file final_5.pdb (PDB, C-alpha atoms and all ligand atoms)
ATOM      1  CA  MET A  27      69.669  56.708 -37.327
ATOM      2  CA  GLY A  28      66.231  56.165 -38.833
ATOM      3  CA  LEU A  29      64.512  58.186 -41.444
ATOM      4  CA  PRO A  30      62.547  61.279 -40.386
ATOM      5  CA  HIS A  31      59.080  60.315 -39.280
ATOM      6  CA  GLN A  32      57.294  61.869 -42.217
ATOM      7  CA  LEU A  33      59.543  60.013 -44.664
ATOM      8  CA  LYS A  34      59.037  56.710 -42.937
ATOM      9  CA  ASN A  35      55.325  57.159 -43.298
ATOM     10  CA  ARG A  36      55.283  58.523 -46.809
ATOM     11  CA  GLU A  37      52.684  57.086 -49.104
ATOM     12  CA  LEU A  38      53.673  54.702 -51.822
ATOM     13  CA  PRO A  39      53.954  56.207 -55.292
ATOM     14  CA  ALA A  40      50.445  57.063 -56.436
ATOM     15  CA  ARG A  41      51.061  55.518 -59.818
ATOM     16  CA  ALA A  42      51.653  52.139 -58.255
ATOM     17  CA  THR A  43      48.538  52.415 -56.114
ATOM     18  CA  VAL A  44      46.268  53.537 -58.916
ATOM     19  CA  SER A  45      47.569  51.007 -61.427
ATOM     20  CA  LEU A  46      46.970  48.218 -58.951
ATOM     21  CA  ILE A  47      43.481  49.306 -58.194
ATOM     22  CA  PHE A  48      42.635  49.800 -61.836
ATOM     23  CA  LEU A  49      43.944  46.344 -62.470
ATOM     24  CA  ALA A  50      41.410  44.982 -60.016
ATOM     25  CA  HIS A  51      38.512  46.957 -61.428
ATOM     26  CA  ARG A  52      39.205  47.050 -65.118
ATOM     27  CA  ARG A  53      38.606  43.348 -65.422
ATOM     28  CA  ARG A  54      34.978  43.963 -64.603
ATOM     29  CA  GLY A  55      34.655  47.207 -66.509
ATOM     30  CA  LEU A  56      34.372  49.206 -63.310
ATOM     31  CA  GLY A  57      35.902  52.536 -62.461
ATOM     32  CA  HIS A  58      37.872  52.917 -59.285
ATOM     33  CA  PRO A  59      35.359  53.975 -56.605
ATOM     34  CA  LEU A  60      37.839  56.415 -55.100
ATOM     35  CA  LEU A  61      38.215  58.169 -58.410
ATOM     36  CA  CYS A  62      34.548  58.387 -59.327
ATOM     37  CA  ARG A  63      34.437  62.153 -58.740
ATOM     38  CA  VAL A  64      36.971  62.820 -61.476
ATOM     39  CA  LYS A  65      35.135  64.291 -64.424
ATOM     40  CA  ALA A  66      34.994  62.336 -67.638
ATOM     41  CA  ALA A  67      37.502  63.727 -70.095
ATOM     42  CA  PRO A  68      35.954  65.462 -73.145
ATOM     43  CA  SER A  69      37.595  65.252 -76.560
ATOM     44  CA  ALA A  70      41.249  66.189 -76.487
ATOM     45  CA  MET A  71      40.691  69.645 -77.998
ATOM     46  CA  ASP A  72      37.554  71.662 -77.327
ATOM     47  CA  SER A  73      35.977  74.089 -79.823
ATOM     48  CA  ALA A  74      38.068  76.987 -78.557
ATOM     49  CA  GLY A  75      41.221  75.056 -79.337
ATOM     50  CA  LYS A  76      42.114  74.784 -75.694
ATOM     51  CA  ASP A  77      43.734  71.542 -74.676
ATOM     52  CA  ALA A  78      40.819  69.980 -72.858
ATOM     53  CA  ARG A  79      43.047  67.344 -71.333
ATOM     54  CA  SER A  80      44.449  69.914 -68.959
ATOM     55  CA  THR A  81      42.114  70.510 -66.058
ATOM     56  CA  SER A  82      42.470  72.995 -63.282
ATOM     57  CA  LYS A  83      43.546  72.097 -59.780
ATOM     58  CA  ALA A  84      40.045  72.962 -58.618
ATOM     59  CA  GLU A  85      38.550  70.374 -60.946
ATOM     60  CA  HIS A  86      40.858  67.734 -59.551
ATOM     61  CA  ALA A  87      40.358  68.715 -55.942
ATOM     62  CA  SER A  88      38.292  66.403 -53.845
ATOM     63  CA  ARG A  89      38.189  65.143 -50.313
ATOM     64  CA  ARG A  90      40.402  62.207 -49.480
ATOM     65  CA  ARG A  91      38.270  59.326 -48.360
ATOM     66  CA  GLU A  92      39.126  57.658 -45.121
ATOM     67  CA  ILE A  93      36.901  54.637 -44.803
ATOM     68  CA  ASP A  94      37.038  52.861 -41.477
ATOM     69  CA  TYR A  95      34.216  50.427 -42.104
ATOM     70  CA  LEU A  96      32.467  48.889 -45.059
ATOM     71  CA  TYR A  97      28.703  48.382 -45.183
ATOM     72  CA  THR A  98      27.743  45.905 -47.866
ATOM     73  CA  PRO A  99      24.674  43.887 -46.858
ATOM     74  CA  GLY A 100      24.481  40.489 -48.479
ATOM     75  CA  LYS A 101      28.062  40.598 -49.747
ATOM     76  CA  LYS A 102      31.032  38.559 -48.665
ATOM     77  CA  THR A 103      33.821  40.935 -47.749
ATOM     78  CA  PHE A 104      37.363  40.818 -46.404
ATOM     79  CA  HIS A 105      39.721  43.251 -44.796
ATOM     80  CA  ILE A 106      43.237  42.696 -46.108
ATOM     81  CA  LEU A 107      46.331  43.778 -44.209
ATOM     82  CA  LEU A 108      49.502  43.012 -46.070
ATOM     83  CA  ARG A 109      53.149  43.743 -45.422
ATOM     84  CA  MET A 110      55.469  43.475 -48.381
ATOM     85  CA  LYS A 111      59.037  44.318 -49.290
ATOM     86  CA  ASP A 112      59.418  47.980 -50.200
ATOM     87  CA  LYS A 113      60.644  47.249 -53.706
ATOM     88  CA  PRO A 114      59.571  48.504 -57.137
ATOM     89  CA  GLY A 115      56.917  46.213 -58.546
ATOM     90  CA  ALA A 116      56.101  44.601 -55.196
ATOM     91  CA  PHE A 117      52.703  46.207 -55.029
ATOM     92  CA  SER A 118      51.671  45.352 -58.569
ATOM     93  CA  GLY A 119      52.769  41.743 -58.055
ATOM     94  CA  VAL A 120      50.510  41.388 -55.048
ATOM     95  CA  LEU A 121      47.603  43.186 -56.620
ATOM     96  CA  ALA A 122      47.754  40.983 -59.688
ATOM     97  CA  GLN A 123      46.964  38.130 -57.307
ATOM     98  CA  VAL A 124      44.283  40.082 -55.440
ATOM     99  CA  ALA A 125      42.510  41.123 -58.637
ATOM    100  CA  LYS A 126      41.754  37.510 -59.510
ATOM    101  CA  LYS A 127      39.742  36.984 -56.377
ATOM    102  CA  VAL A 128      38.285  40.214 -55.028
ATOM    103  CA  ASN A 129      36.955  43.609 -55.990
ATOM    104  CA  LEU A 130      38.808  46.267 -53.990
ATOM    105  CA  GLN A 131      36.499  48.765 -52.321
ATOM    106  CA  ALA A 132      38.694  51.113 -50.320
ATOM    107  CA  THR A 133      42.436  50.938 -49.923
ATOM    108  CA  ARG A 134      45.409  52.687 -48.454
ATOM    109  CA  ALA A 135      49.135  52.056 -48.765
ATOM    110  CA  TYR A 136      52.110  53.447 -46.918
ATOM    111  CA  VAL A 137      55.659  52.678 -45.924
ATOM    112  CA  ASP A 138      56.259  51.477 -42.376
ATOM    113  CA  GLY A 139      59.906  50.977 -41.452
ATOM    114  CA  ASP A 140      61.521  48.777 -44.090
ATOM    115  CA  ALA A 141      58.240  47.375 -45.355
ATOM    116  CA  ALA A 142      55.344  48.638 -47.411
ATOM    117  CA  VAL A 143      51.869  48.144 -46.004
ATOM    118  CA  PHE A 144      48.677  47.690 -47.944
ATOM    119  CA  SER A 145      45.347  47.799 -46.154
ATOM    120  CA  GLY A 146      42.002  47.546 -47.811
ATOM    121  CA  PHE A 147      38.440  46.345 -47.913
ATOM    122  CA  ALA A 148      37.530  43.918 -50.662
ATOM    123  CA  GLU A 149      34.437  42.184 -51.911
ATOM    124  CA  ALA A 150      34.713  38.537 -52.960
ATOM    125  CA  LEU A 151      34.177  37.831 -56.651
ATOM    126  CA  SER A 152      32.929  34.372 -55.812
ATOM    127  CA  SER A 153      30.701  33.253 -52.945
ATOM    128  CA  ASP A 154      33.114  30.345 -52.462
ATOM    129  CA  GLU A 155      36.017  32.653 -51.668
ATOM    130  CA  THR A 156      37.650  32.095 -48.285
ATOM    131  CA  ALA A 157      40.133  34.009 -46.174
ATOM    132  CA  GLU A 158      42.530  31.081 -46.385
ATOM    133  CA  SER A 159      42.394  30.933 -50.170
ATOM    134  CA  LEU A 160      42.818  34.696 -50.481
ATOM    135  CA  GLU A 161      45.765  34.682 -48.104
ATOM    136  CA  LYS A 162      47.395  31.853 -50.025
ATOM    137  CA  ALA A 163      47.046  33.720 -53.316
ATOM    138  CA  ILE A 164      48.444  36.957 -51.865
ATOM    139  CA  MET A 165      51.366  35.220 -50.187
ATOM    140  CA  SER A 166      52.295  33.573 -53.484
ATOM    141  CA  ALA A 167      53.448  36.997 -54.712
ATOM    142  CA  THR A 168      57.247  37.273 -54.635
ATOM    143  CA  ASN A 169      57.526  40.248 -52.309
ATOM    144  CA  ALA A 170      54.742  39.503 -49.825
ATOM    145  CA  ILE A 171      56.018  39.230 -46.233
ATOM    146  CA  SER A 172      52.916  38.620 -44.155
ATOM    147  CA  CYS A 173      49.190  38.905 -44.543
ATOM    148  CA  VAL A 174      46.167  38.970 -42.259
ATOM    149  CA  ILE A 175      42.711  38.528 -43.754
ATOM    150  CA  THR A 176      39.627  39.340 -41.697
ATOM    151  CA  PRO A 177      36.437  37.916 -43.240
ATOM    152  CA  ASP A 178      32.886  39.081 -42.734
ATOM    153  CA  SER A 179      29.596  37.958 -44.179
ATOM    154  CA  ARG A 180      27.111  39.962 -42.128
ATOM    155  CA  GLY A 181      27.352  43.159 -44.110
ATOM    156  CA  VAL A 182      29.493  45.322 -41.856
ATOM    157  CA  LEU A 183      33.256  45.039 -41.714
ATOM    158  CA  VAL A 184      35.391  47.365 -39.602
ATOM    159  CA  ASP A 185      39.119  47.912 -40.156
ATOM    160  CA  PRO A 186      40.486  46.126 -37.070
ATOM    161  CA  TYR A 187      44.124  47.190 -37.485
ATOM    162  CA  HIS A 188      44.275  50.982 -37.641
ATOM    163  CA  VAL A 189      43.808  52.999 -34.495
ATOM    164  CA  GLY A 190      43.339  56.533 -35.744
ATOM    165  CA  PHE A 191      45.204  58.982 -37.918
ATOM    166  CA  GLU A 192      48.388  60.985 -37.842
ATOM    167  CA  ASN A 193      49.426  64.042 -39.791
ATOM    168  CA  SER A 194      52.695  64.938 -41.523
ATOM    169  CA  PHE A 195      54.176  66.012 -38.209
ATOM    170  CA  GLY A 196      53.471  62.604 -36.693
ATOM    171  CA  ASP A 197      50.755  63.970 -34.428
ATOM    172  CA  ALA A 198      47.758  61.826 -33.596
ATOM    173  CA  VAL A 199      44.766  63.437 -35.311
ATOM    174  CA  LEU A 200      41.105  63.079 -34.412
ATOM    175  CA  MET A 201      38.630  62.675 -37.232
ATOM    176  CA  ILE A 202      35.360  64.375 -36.374
ATOM    177  CA  PRO A 203      32.661  65.253 -38.910
ATOM    178  CA  SER A 204      32.737  68.988 -39.611
ATOM    179  CA  HIS A 205      28.959  69.170 -39.089
ATOM    180  CA  ALA A 206      29.466  67.742 -35.584
ATOM    181  CA  LEU A 207      32.038  70.423 -34.737
ATOM    182  CA  CYS A 208      29.711  73.078 -36.161
ATOM    183  CA  HIS A 209      26.919  71.699 -34.024
ATOM    184  CA  MET A 210      29.160  71.938 -30.938
ATOM    185  CA  PHE A 211      29.867  75.586 -31.747
ATOM    186  CA  ASP A 212      26.135  76.241 -32.243
ATOM    187  CA  GLN A 213      25.352  74.648 -28.904
ATOM    188  CA  MET A 214      28.042  76.738 -27.196
ATOM    189  CA  SER A 215      26.535  79.825 -28.777
ATOM    190  CA  LYS A 216      23.057  78.938 -27.501
ATOM    191  CA  ILE A 217      24.415  78.484 -23.971
ATOM    192  CA  PHE A 218      26.869  81.362 -23.751
ATOM    193  CA  GLY A 219      25.383  83.871 -26.209
ATOM    194  CA  SER A 220      27.715  86.443 -27.718
ATOM    195  CA  GLY A 221      30.460  85.405 -25.277
ATOM    196  CA  CYS A 222      30.756  82.203 -27.278
ATOM    197  CA  GLU A 223      32.520  83.946 -30.163
ATOM    198  CA  VAL A 224      35.123  85.334 -27.780
ATOM    199  CA  MET A 225      35.701  81.838 -26.441
ATOM    200  CA  LEU A 226      35.926  80.399 -29.933
ATOM    201  CA  PHE A 227      38.426  83.071 -30.932
ATOM    202  CA  TYR A 228      40.722  82.160 -28.052
ATOM    203  CA  GLU A 229      40.283  78.443 -28.733
ATOM    204  CA  GLY A 230      41.163  79.022 -32.375
ATOM    205  CA  GLU A 231      44.128  81.187 -31.425
ATOM    206  CA  SER A 232      45.404  78.443 -29.156
ATOM    207  CA  VAL A 233      45.123  75.843 -31.932
ATOM    208  CA  GLY A 234      46.713  78.222 -34.452
ATOM    209  CA  GLU A 235      49.635  78.973 -32.148
ATOM    210  CA  ALA A 236      50.281  75.277 -31.591
ATOM    211  CA  GLU A 237      50.146  74.544 -35.326
ATOM    212  CA  GLY A 238      52.286  77.580 -36.179
ATOM    213  CA  ALA A 239      54.871  76.503 -33.605
ATOM    214  CA  GLN A 240      54.898  73.005 -35.174
ATOM    215  CA  VAL A 241      55.556  74.433 -38.621
ATOM    216  CA  VAL A 242      58.366  76.630 -37.314
ATOM    217  CA  ALA A 243      59.910  73.774 -35.329
ATOM    218  CA  LYS A 244      59.889  71.434 -38.336
ATOM    219  CA  LEU A 245      60.694  73.798 -41.181
ATOM    220  CA  GLY A 246      62.431  76.715 -39.519
ATOM    221  CA  LYS A 247      61.228  80.300 -39.506
ATOM    222  CA  ASP A 248      62.793  81.254 -42.835
ATOM    223  CA  LEU A 249      61.109  78.547 -44.845
ATOM    224  CA  ALA A 250      57.808  78.952 -42.980
ATOM    225  CA  ARG A 251      57.779  82.693 -43.696
ATOM    226  CA  LYS A 252      58.822  82.412 -47.344
ATOM    227  CA  THR A 253      56.387  79.684 -48.349
ATOM    228  CA  PRO A 254      52.871  81.107 -48.745
ATOM    229  CA  GLY A 255      51.808  77.707 -50.120
ATOM    230  CA  LEU A 256      52.012  76.359 -46.578
ATOM    231  CA  LEU A 257      48.597  77.926 -46.088
ATOM    232  CA  LYS A 258      47.337  74.945 -48.065
ATOM    233  CA  ILE A 259      47.985  72.840 -44.967
ATOM    234  CA  VAL A 260      44.722  74.396 -43.749
ATOM    235  CA  THR A 261      43.035  73.272 -46.964
ATOM    236  CA  ALA A 262      44.497  69.775 -46.932
ATOM    237  CA  ALA A 263      43.366  69.346 -43.322
ATOM    238  CA  GLY A 264      39.788  70.120 -44.356
ATOM    239  CA  TRP A 265      39.172  73.441 -42.601
ATOM    240  CA  GLY A 266      38.393  75.198 -45.896
ATOM    241  CA  ASP A 267      40.184  76.211 -49.093
ATOM    242  CA  ALA A 268      42.566  78.960 -47.964
ATOM    243  CA  THR A 269      44.489  81.301 -50.289
ATOM    244  CA  PHE A 270      46.426  84.507 -49.765
ATOM    245  CA  LEU A 271      44.783  87.326 -51.723
ATOM    246  CA  GLY A 272      47.559  89.527 -53.048
ATOM    247  CA  PRO A 273      51.030  89.802 -51.584
ATOM    248  CA  ILE A 274      52.077  89.270 -47.994
ATOM    249  CA  THR A 275      53.550  92.616 -46.974
ATOM    250  CA  PRO A 276      55.465  93.556 -43.810
ATOM    251  CA  SER A 277      52.254  95.141 -42.511
ATOM    252  CA  GLY A 278      49.750  92.431 -43.293
ATOM    253  CA  ALA A 279      47.961  90.022 -45.628
ATOM    254  CA  VAL A 280      44.475  88.944 -46.633
ATOM    255  CA  ILE A 281      43.337  85.328 -46.581
ATOM    256  CA  ARG A 282      40.337  84.111 -48.537
ATOM    257  CA  LEU A 283      38.681  81.008 -47.126
ATOM    258  CA  GLU A 284      36.247  79.191 -49.381
ATOM    259  CA  ASP A 285      34.028  76.403 -48.134
ATOM    260  CA  CYS A 286      34.910  77.297 -44.536
ATOM    261  CA  PHE A 287      33.776  74.573 -42.142
ATOM    262  CA  GLU A 288      32.831  77.053 -39.429
ATOM    263  CA  CYS A 289      30.044  78.809 -41.341
ATOM    264  CA  SER A 290      28.777  75.618 -42.975
ATOM    265  CA  SER A 291      26.240  75.257 -40.162
ATOM    266  CA  GLU A 292      22.618  75.100 -41.210
ATOM    267  CA  GLU A 293      21.694  77.030 -38.088
ATOM    268  CA  GLN A 294      22.202  80.780 -37.963
ATOM    269  CA  VAL A 295      23.001  81.164 -34.292
ATOM    270  CA  ARG A 296      26.536  82.529 -34.789
ATOM    271  CA  GLN A 297      27.583  85.695 -36.609
ATOM    272  CA  SER A 298      31.166  85.039 -37.668
ATOM    273  CA  CYS A 299      33.961  82.495 -37.967
ATOM    274  CA  ALA A 300      35.621  83.381 -34.694
ATOM    275  CA  PHE A 301      37.538  80.110 -34.386
ATOM    276  CA  MET A 302      39.214  80.457 -37.795
ATOM    277  CA  LYS A 303      39.899  84.133 -37.109
ATOM    278  CA  GLY A 304      41.774  83.100 -33.981
ATOM    279  CA  ALA A 305      43.470  80.203 -35.760
ATOM    280  CA  PHE A 306      44.921  82.417 -38.505
ATOM    281  CA  ALA A 307      45.992  85.044 -35.969
ATOM    282  CA  GLY A 308      47.630  82.464 -33.710
ATOM    283  CA  ALA A 309      49.456  80.627 -36.509
ATOM    284  CA  MET A 310      50.833  83.807 -38.069
ATOM    285  CA  LYS A 311      51.810  85.077 -34.628
ATOM    286  CA  ARG A 312      54.065  82.055 -34.133
ATOM    287  CA  ILE A 313      55.420  81.990 -37.677
ATOM    288  CA  LEU A 314      56.207  85.718 -37.824
ATOM    289  CA  ASP A 315      57.067  86.045 -34.144
ATOM    290  CA  THR A 316      54.993  89.193 -33.781
ATOM    291  CA  GLU A 317      51.574  90.243 -32.564
ATOM    292  CA  VAL A 318      48.893  89.717 -35.203
ATOM    293  CA  LYS A 319      45.491  91.328 -35.416
ATOM    294  CA  CYS A 320      42.897  89.490 -37.471
ATOM    295  CA  GLU A 321      39.486  90.690 -38.631
ATOM    296  CA  GLU A 322      36.977  88.702 -40.632
ATOM    297  CA  THR A 323      35.836  91.134 -43.320
ATOM    298  CA  LYS A 324      33.622  88.758 -45.311
ATOM    299  CA  CYS A 325      31.655  85.770 -44.064
ATOM    300  CA  ARG A 326      29.062  83.368 -45.403
ATOM    301  CA  PHE A 327      27.112  83.972 -42.187
ATOM    302  CA  LYS A 328      26.656  87.545 -43.507
ATOM    303  CA  GLY A 329      25.669  86.463 -47.002
ATOM    304  CA  ASP A 330      29.091  86.712 -48.636
ATOM    305  CA  PRO A 331      30.112  83.883 -50.991
ATOM    306  CA  HIS A 332      33.199  83.104 -48.902
ATOM    307  CA  CYS A 333      35.078  84.306 -45.828
ATOM    308  CA  GLU A 334      37.989  86.753 -45.872
ATOM    309  CA  PHE A 335      40.375  87.540 -43.052
ATOM    310  CA  THR A 336      42.516  90.683 -42.932
ATOM    311  CA  LEU A 337      45.676  90.247 -40.920
ATOM    312  CA  GLY A 338      47.664  93.130 -39.470
ATOM    313  CA  PHE A 339      51.217  92.244 -38.431
ATOM    314  CA  GLY A 340      52.806  93.910 -35.434
ATOM    315  CA  GLN A 341      49.392  94.906 -34.078
ATOM    316  CA  ALA A 342      47.978  93.714 -30.827
TER     317      ALA A 342
HETATM  318 ZN    ZN B 401      33.012  83.085 -41.999
END

call {"tool": "encode", "arguments": {"input": "final_5.pdb", "output": "structure tokens"}}
result
Amino acid sequence: MGLPHQLKNRELPARATVSLIFLAHRRRGLGHPLLCRVKAAPSAMDSAGKDARSTSKAEHASRRREIDYLYTPGKKTFHILLRMKDKPGAFSGVLAQVAKKVNLQATRAYVDGDAAVFSGFAEALSSDETAESLEKAIMSATNAISCVITPDSRGVLVDPYHVGFENSFGDAVLMIPSHALCHMFDQMSKIFGSGCEVMLFYEGESVGEAEGAQVVAKLGKDLARKTPGLLKIVTAAGWGDATFLGPITPSGAVIRLEDCFECSSEEQVRQSCAFMKGAFAGAMKRILDTEVKCEETKCRFKGDPHCEFTLGFGQA
């Protein structure tokens, strides 16, 4: 019997990934492009005596970057797809070879079956670099299994090997810019008027119920109900930074949603975040196995700094 899906697709240890990438960049005095949003560390102790090395989760939080193409006019670039043995040190061995020849631009690594996979865009350090030479160098690493290099010299290189995304449940996931989804909602609102928010609520409820049912099916009701941190799935998926305000009681709970995608629209044609209201109601309905009433009591559309949703359990 194979490993559970989410384990098979777990990411490689971050330390290995970061050390490899730093290896490639440090030689040229560059920071890792994917880490450029991390703030520069001040002196170890600030004037108040607080350990300045410790930073809050918020300061570390950033969007993961999924880069499906690289635009580098005038540069010689390669897409590297590498399978290697899933052994400690395999990754660093390969990257030591890569670092001699290319500057990594955007990478990802994950485990697929018995092998580890590395995929990334890279810029040649020398104009004489070739796909054949790069492949030869990578395959000289002890744990490399196979390698496919796709070269490009016209300035645009698309990842030719990945066909979308999947989440922790193994579901295929669409990536759509949040502004595009907002624009769709705005257009619906212009066509259907106030009825649009009712439609969005039911759409959101439907999505929430499906997601809630997934969580229950995978984790069981007990764990789903006793783990308020699961709300961060919403955050990790990019809908907004969601937190329970205060305790979850038998009668209800309050969710604060910062940076909500739904009210990030530049247009002011909608009045509330009806989709997220439905999504929270639907998810909690499935997790708690009861009717859930949800009201949005604060919203950026109304001038509030964030959105808040008050949930009533056992209420239709
Ligand atoms: Zn809102």

call {"tool": "residues_near_point", "arguments": {"input": "final_5.pdb", "point": "(38.0, 35.9, -58.3)", "cutoff": "8 Å", "atoms": "all atoms listed in the file", "output": "JSON, numbers by chain"}}
result
{"A": [125, 126, 127, 128, 150, 151, 152, 155]}

call {"tool": "closest_residue", "arguments": {"input": "final_5.pdb", "among": "A:Gln341, A:Ser291, A:Asn169, A:Thr316", "to": "ligand ZN 401 (chain B)", "atoms": "only C-alpha atoms and all ligand atoms"}}
result
A:Ser291

call {"tool": "atom_distance", "arguments": {"input": "final_5.pdb", "atom1": "atom CA of A:Cys325", "atom2": "atom CA of A:Glu229"}}
result
19.1 Å

call {"tool": "axis_aligned_box", "arguments": {"input": "final_5.pdb", "around": "stretch 235-248 of chain A", "padding_each_side": "5 Å", "output": "JSON"}}
result
{"center_x": 56.2, "center_y": 76.3, "center_z": -37.2, "size_x": 23.2, "size_y": 19.8, "size_z": 21.2}

call {"tool": "residues_around", "arguments": {"input": "final_5.pdb", "residues": "A:Phe287", "least_positions_apart": "5", "cutoff": "9 Å", "atoms": "all atoms listed in the file", "output": "ChimeraX atom specification"}}
result
/A:204-205,207-208,264-266,299

call {"tool": "residues_around", "arguments": {"input": "final_5.pdb", "residues": "A:Ala167", "least_positions_apart": "5", "cutoff": "8 Å", "atoms": "only C-alpha atoms", "output": "PyMOL selection string"}}
result
chain A and resi 119-120+123

call {"tool": "residues_near_ligand", "arguments": {"input": "final_5.pdb", "ligand": "ligand ZN 401 (chain B)", "cutoff": "6 Å", "atoms": "all atoms listed in the file", "output": "list in words"}}
result
Cys289, Ser298, Cys299, Cys325, Arg326, Phe327 and Cys333 of chain A

call {"tool": "write_last_selection", "arguments": {"input": "final_5.pdb", "atoms": "C-alpha atoms", "output": "PDB file, keeping the file's coordinate frame"}}
result
ATOM      1  CA  CYS A 289      30.044  78.809 -41.341  1.00  0.00           C
ATOM      2  CA  SER A 298      31.166  85.039 -37.668  1.00  0.00           C
ATOM      3  CA  CYS A 299      33.961  82.495 -37.967  1.00  0.00           C
ATOM      4  CA  CYS A 325      31.655  85.770 -44.064  1.00  0.00           C
ATOM      5  CA  ARG A 326      29.062  83.368 -45.403  1.00  0.00           C
ATOM      6  CA  PHE A 327      27.112  83.972 -42.187  1.00  0.00           C
ATOM      7  CA  CYS A 333      35.078  84.306 -45.828  1.00  0.00           C
TER       8      CYS A 333
END

call {"tool": "atom_distance", "arguments": {"input": "final_5.pdb", "atom1": "atom CA of A:Ala239", "atom2": "atom CA of A:Ile259"}}
result
13.8 Å

call {"tool": "closest_residue", "arguments": {"input": "final_5.pdb", "among": "A:Ile313, A:Ala87, A:Ala262, A:Ile164", "to": "A:Ala243", "atoms": "only C-alpha atoms"}}
result
A:Ile313

call {"tool": "closest_residue", "arguments": {"input": "final_5.pdb", "among": "A:Ser194, A:Leu130, A:Gly338, A:Lys303", "to": "A:Leu245", "atoms": "all atoms listed in the file"}}
result
A:Ser194

call {"tool": "closest_residue", "arguments": {"input": "final_5.pdb", "among": "A:Thr168, A:Ser118, A:Thr103, A:Ser290", "to": "A:Gly146", "atoms": "all atoms listed in the file"}}
result
A:Thr103

call {"tool": "closest_residue", "arguments": {"input": "final_5.pdb", "among": "A:Ile217, A:Gln131, A:Ala263, A:Ala307", "to": "A:Met201", "atoms": "only C-alpha atoms"}}
result
A:Ala263
